[in-house]
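For reference, entry_6.txt (compact mmCIF, C-alpha atoms):
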# COMPACT_ATOMS: atom_id res chain seq x y z
CA MET A 1 8.87 -36.27 -10.62
CA LEU A 2 6.21 -38.57 -9.32
CA VAL A 3 2.93 -38.05 -11.16
CA LEU A 4 -0.29 -39.29 -9.59
CA THR A 5 -3.80 -39.10 -10.99
CA ARG A 6 -6.48 -38.07 -8.51
CA LYS A 7 -10.20 -37.41 -8.70
CA LYS A 8 -12.15 -34.71 -6.95
CA GLY A 9 -12.24 -35.41 -3.21
CA GLU A 10 -9.23 -37.74 -3.31
CA LYS A 11 -6.11 -37.09 -1.30
CA ILE A 12 -2.35 -37.47 -1.39
CA VAL A 13 -0.48 -38.02 1.83
CA ILE A 14 3.14 -36.81 2.05
CA GLY A 15 5.14 -38.05 5.01
CA ASP A 16 3.42 -38.23 8.36
CA ASN A 17 1.71 -34.92 8.43
CA ILE A 18 1.04 -33.38 5.03
CA VAL A 19 -2.20 -34.08 3.20
CA LEU A 20 -3.21 -32.62 -0.16
CA THR A 21 -6.87 -32.82 -1.14
CA VAL A 22 -8.28 -32.15 -4.59
CA VAL A 23 -11.18 -29.98 -3.46
CA ASP A 24 -12.57 -29.03 -6.84
CA ILE A 25 -11.79 -29.16 -10.54
CA LYS A 26 -13.24 -26.62 -12.96
CA GLY A 27 -11.91 -26.55 -16.49
CA ASP A 28 -8.15 -26.06 -16.24
CA GLN A 29 -8.28 -24.98 -12.60
CA VAL A 30 -7.70 -27.28 -9.69
CA GLN A 31 -8.50 -26.26 -6.16
CA LEU A 32 -6.22 -27.92 -3.64
CA GLY A 33 -6.62 -28.19 0.09
CA ILE A 34 -3.35 -28.37 2.01
CA GLU A 35 -3.05 -29.64 5.54
CA ALA A 36 0.43 -29.24 6.93
CA PRO A 37 2.02 -28.41 10.28
CA ARG A 38 2.18 -24.68 10.94
CA ASP A 39 5.96 -24.65 10.77
CA ILE A 40 5.99 -25.68 7.12
CA PRO A 41 5.73 -22.72 4.76
CA VAL A 42 3.29 -23.13 1.88
CA HIS A 43 3.28 -20.58 -0.92
CA ARG A 44 2.23 -20.27 -4.52
CA GLU A 45 5.34 -20.55 -6.66
CA GLU A 46 4.72 -17.15 -8.29
CA VAL A 47 5.18 -15.39 -4.96
CA TYR A 48 8.69 -16.80 -4.54
CA LYS A 49 9.56 -15.85 -8.09
CA GLU A 50 8.19 -12.34 -7.71
CA ILE A 51 10.20 -11.75 -4.55
CA GLN A 52 13.30 -13.16 -6.17
CA GLU A 53 12.84 -10.81 -9.14
CA GLU A 54 12.35 -7.81 -6.85
CA ASN A 55 15.50 -8.73 -4.91
CA ILE A 56 17.49 -8.92 -8.12
CA LYS A 57 16.15 -5.51 -9.19
CA ALA A 58 16.86 -4.07 -5.74
CA ARG A 59 20.51 -5.03 -5.86
CA LYS A 60 21.12 -2.75 -8.83
CA THR A 61 20.70 0.35 -6.70
CA GLU A 62 23.52 2.87 -6.82
CA ARG A 63 24.18 5.86 -4.60
CA VAL A 64 22.75 8.27 -7.20
CA ASN A 65 19.43 6.39 -7.11
CA LEU A 66 19.22 6.83 -3.39
CA GLU A 67 20.07 10.51 -3.65
CA SER A 68 17.26 10.95 -6.17
CA ILE A 69 14.61 9.56 -3.82
CA GLN A 70 16.00 11.40 -0.83
CA LYS A 71 15.65 14.64 -2.76
CA LEU A 72 12.09 13.68 -3.66
CA MET A 73 11.27 12.95 -0.03
CA GLU A 74 12.59 16.32 1.08
CA LYS A 75 10.60 18.05 -1.62
CA LYS A 76 7.44 16.29 -0.45
CA LYS A 77 8.07 17.25 3.12
CA GLY A 78 8.36 20.87 2.06
CA GLU A 79 5.03 20.75 0.19
CA MET B 80 36.70 -6.48 10.75
CA LYS B 81 37.66 -4.70 7.54
CA LEU B 82 34.92 -4.45 4.93
CA GLU B 83 35.53 -3.95 1.25
CA THR B 84 32.73 -2.43 -0.77
CA THR B 85 32.44 -1.08 -4.30
CA ARG B 86 30.11 1.77 -3.28
CA PHE B 87 31.68 2.94 -0.03
CA GLY B 88 35.29 1.85 -0.24
CA GLU B 89 37.00 0.16 2.67
CA PHE B 90 36.07 0.61 6.29
CA GLU B 91 36.04 -1.09 9.66
CA VAL B 92 32.94 -2.74 11.06
CA PRO B 93 32.70 -4.12 14.59
CA GLU B 94 32.08 -7.87 14.47
CA ASP B 95 29.01 -7.54 16.66
CA GLU B 96 27.29 -5.34 14.09
CA ILE B 97 27.21 -8.08 11.51
CA LEU B 98 23.78 -9.53 10.80
CA GLU B 99 23.50 -13.22 10.00
CA PHE B 100 20.89 -14.35 7.50
CA PRO B 101 21.25 -18.15 7.78
CA GLU B 102 19.16 -18.67 4.62
CA GLY B 103 20.47 -15.66 2.73
CA LEU B 104 17.92 -13.60 0.83
CA ILE B 105 15.57 -15.13 -1.73
CA GLY B 106 17.63 -15.42 -4.92
CA PHE B 107 20.82 -14.71 -2.94
CA GLU B 108 20.91 -17.79 -0.75
CA LYS B 109 24.69 -17.82 -0.45
CA GLU B 110 24.95 -14.32 0.98
CA ARG B 111 24.57 -14.76 4.70
CA ARG B 112 26.34 -11.82 6.33
CA PHE B 113 25.29 -8.21 6.03
CA VAL B 114 25.72 -4.88 7.77
CA LEU B 115 23.23 -2.03 7.95
CA LEU B 116 24.65 1.33 7.02
CA PRO B 117 22.75 4.56 7.65
CA THR B 118 22.34 6.88 4.67
CA GLN B 119 21.46 10.38 5.89
CA GLU B 120 20.40 11.83 9.17
CA LYS B 121 16.70 11.13 9.82
CA SER B 122 16.41 9.18 6.57
CA PRO B 123 14.29 6.02 6.76
CA PHE B 124 16.66 4.39 4.26
CA PHE B 125 19.61 2.17 5.05
CA TRP B 126 22.07 0.27 2.92
CA LEU B 127 22.13 -3.45 3.55
CA GLN B 128 25.68 -4.23 2.49
CA SER B 129 26.94 -7.76 2.02
CA VAL B 130 30.03 -8.55 4.06
CA ASP B 131 31.33 -11.10 1.57
CA ASP B 132 30.40 -9.56 -1.79
CA PRO B 133 31.69 -5.98 -2.11
CA ASP B 134 29.26 -5.24 -4.94
CA LEU B 135 26.12 -6.54 -3.25
CA ALA B 136 24.10 -3.88 -1.48
CA PHE B 137 20.41 -3.17 -1.21
CA ILE B 138 18.42 -0.17 -0.09
CA VAL B 139 16.09 -1.08 2.73
CA SER B 140 13.64 1.00 4.69
CA GLU B 141 11.37 0.83 7.67
CA PRO B 142 7.95 0.48 6.06
CA TRP B 143 6.05 2.47 8.65
CA GLY B 144 6.05 6.13 7.83
CA LEU B 145 6.13 5.35 4.13
CA VAL B 146 3.18 2.96 3.99
CA GLU B 147 -0.12 3.21 5.80
CA ASP B 148 -1.79 0.22 7.40
CA TYR B 149 1.03 -2.22 7.03
CA GLU B 150 0.67 -5.05 9.46
CA PHE B 151 1.37 -8.75 9.35
CA GLN B 152 1.51 -11.83 11.48
CA LEU B 153 4.95 -13.37 11.56
CA PRO B 154 4.44 -16.94 10.28
CA GLN B 155 5.09 -19.66 12.84
CA GLU B 156 8.03 -21.20 11.00
CA SER B 157 9.75 -17.81 10.75
CA LYS B 158 9.22 -17.19 14.43
CA LYS B 159 10.90 -20.50 15.13
CA LYS B 160 13.82 -19.86 12.78
CA LEU B 161 14.40 -16.38 14.16
CA ASP B 162 14.15 -17.78 17.66
CA VAL B 163 11.84 -14.96 18.73
CA LYS B 164 11.62 -14.45 22.47
CA GLU B 165 9.87 -11.10 22.49
CA GLU B 166 8.23 -9.21 19.65
CA LYS B 167 9.93 -6.01 20.72
CA ASP B 168 13.29 -7.52 19.72
CA LEU B 169 12.16 -7.57 16.13
CA ARG B 170 12.74 -4.98 13.49
CA VAL B 171 11.17 -4.96 10.05
CA LEU B 172 12.88 -3.60 6.95
CA CYS B 173 11.62 -3.74 3.38
CA LEU B 174 13.69 -3.81 0.22
CA VAL B 175 13.35 -0.78 -2.00
CA VAL B 176 13.59 -0.77 -5.79
CA ILE B 177 14.50 2.61 -7.29
CA PRO B 178 13.96 2.69 -11.05
CA GLU B 179 15.26 5.34 -13.42
CA ASP B 180 12.25 7.50 -12.64
CA PRO B 181 12.51 7.81 -8.85
CA GLN B 182 8.81 8.71 -8.62
CA LYS B 183 8.15 5.07 -9.43
CA THR B 184 10.11 3.76 -6.46
CA THR B 185 8.55 0.67 -4.93
CA MET B 186 8.92 -1.27 -1.72
CA ASN B 187 8.50 -5.01 -1.30
CA LEU B 188 5.88 -5.47 1.40
CA LYS B 189 5.23 -9.15 0.65
CA GLY B 190 8.77 -10.27 1.46
CA PRO B 191 9.99 -8.11 4.36
CA LEU B 192 13.27 -8.68 6.18
CA VAL B 193 12.68 -9.45 9.82
CA LEU B 194 15.63 -8.96 12.16
CA ASN B 195 16.05 -10.31 15.64
CA LEU B 196 18.21 -7.53 17.04
CA PRO B 197 19.62 -9.07 20.24
CA GLN B 198 20.70 -12.13 18.28
CA ARG B 199 21.82 -10.23 15.19
CA THR B 200 19.98 -12.63 12.90
CA GLY B 201 17.59 -12.01 10.09
CA LYS B 202 15.34 -13.68 7.58
CA GLN B 203 13.42 -12.67 4.50
CA VAL B 204 9.89 -13.70 5.32
CA ILE B 205 7.06 -14.31 2.89
CA ILE B 206 3.99 -13.09 4.67
CA ASN B 207 0.51 -14.49 4.17
CA GLU B 208 -1.20 -11.11 4.17
CA ASN B 209 -2.10 -9.72 0.81
CA PHE B 210 0.51 -7.01 0.26
CA SER B 211 2.33 -6.13 -2.95
CA THR B 212 5.93 -6.91 -3.83
CA LYS B 213 5.90 -3.57 -5.68
CA HIS B 214 4.18 -1.06 -3.43
CA PRO B 215 4.72 2.50 -4.74
CA ILE B 216 6.06 4.78 -2.00
CA PHE B 217 5.24 8.06 -3.72
CA LYS B 218 1.61 8.81 -4.45
CA GLU B 219 0.54 9.22 -8.06
CA ALA B 220 -1.16 12.54 -7.34
CA SER B 221 2.05 14.23 -6.28
CA ALA B 222 3.86 12.65 -9.23
CA SER B 223 1.93 14.90 -11.59
CA ALA B 224 2.42 18.00 -9.45
Go ahead and render the structure in this file as structure tokens.
Amino acid sequence: MLVLTRKKGEKIVIGDNIVLTVVDIKGDQVQLGIEAPRDIPVHREEVYKEIQEENIKARKTERVNLESIQKLMEKKKGE
Amino acid sequence: MKLETTRFGEFEVPEDEILEFPEGLIGFEKERRFVLLPTQEKSPFFWLQSVDDPDLAFIVSEPWGLVEDYEFQLPQESKKKLDVKEEKDLRVLCLVVIPEDPQKTTMNLKGPLVLNLPQRTGKQVIINENFSTKHPIFKEASASA
């Protein structure tokens, strides 16, 4: 991994069209500005991980689980 | 083609019903081909069954009807990858997690599956709007009833 030291207001340029700017630093928090073409997805890492975890949980579904929520749905409709 | 599944046994699926997810799903990047299987009449839930892994199946659901005010802008890169010509070709399905207590069932609204129906392709999209990956589909109030 390439590690660069930057001060507030300084930038890092990646390729032709991605620019990272250190907007602000407060304690252990860094605010970054990201300029990238609209076709490049930018996400916090946690979001990826969360979705991955949910997908892994979702794959454990069995037919009985589905039946249990379908029963619940019918019950609600009847209420 | 003949499909082998652990939950539903063996059955035939027409080739043109197979959905291609060129990037797989997040965490399941190698699984590219799926079929949608209905569950019950009028049920919003479908099984998304992997074509290549008999044991891999998810419950997915149309979010509307179960969630109020769910709306998002399809990110530009996803639009490109799905080769969207018209918005009406798209269909949105969300993955459902059913825990032991079915009252606590949640739906992933942050990472919906977007399908381009005429092309039979799909992609799990991470949307920019602030929705939960664990949105409860049953209201707490009725849980105590």
List as a VMD selection string the protein and nucleic acid residues near Gln152 (chain B), meaning an atom at most 10 Å away when all atoms listed in the file are counted, but skip any in the same chain fewer than 6 places from it. chain B and resid 158 206 to 208
So which one's closest to Ser68 (chain A), B:Pro142, B:Gly88, B:Gly106, B:Pro178? Using all atoms listed in the file, please. B:Pro178
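The coordinates place CA of Gly190 (chain B) at 27.6 Å from CA of Thr21 (chain A).
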Could you work out which residues of chain A fall inside 9 Å of chain B? Count only C-alpha atoms, and format the result as a ChimeraX atom specification. /A:38-41,43,47-63,65-66,68-70,72-73,76
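Interatomic distance, CA of Leu82 (chain B) against CA of Val64 (chain A): 21.4 Å.
Separating CA of Ile12 (chain A) from CA of Pro37 (chain A) is a distance of 15.4 Å.
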Using only C-alpha atoms, which residues sit within 10 Å of Met80 (chain B) once same-chain residues fewer than 4 positions away are excluded, as a ChimeraX atom specification? /B:90-95,97,130
Could you list, as a list of chain:residue names, every residue within 6 Å of Val19 (chain A), counting only C-alpha atoms and ignoring same-chain residues fewer than 4 positions away? A:Ile12, A:Val13, A:Ile34, A:Glu35
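Closest approach to Leu192 (chain B) among B:Asp168, B:Glu110, B:Glu141, B:Asp162: B:Glu141, based on all atoms listed in the file.
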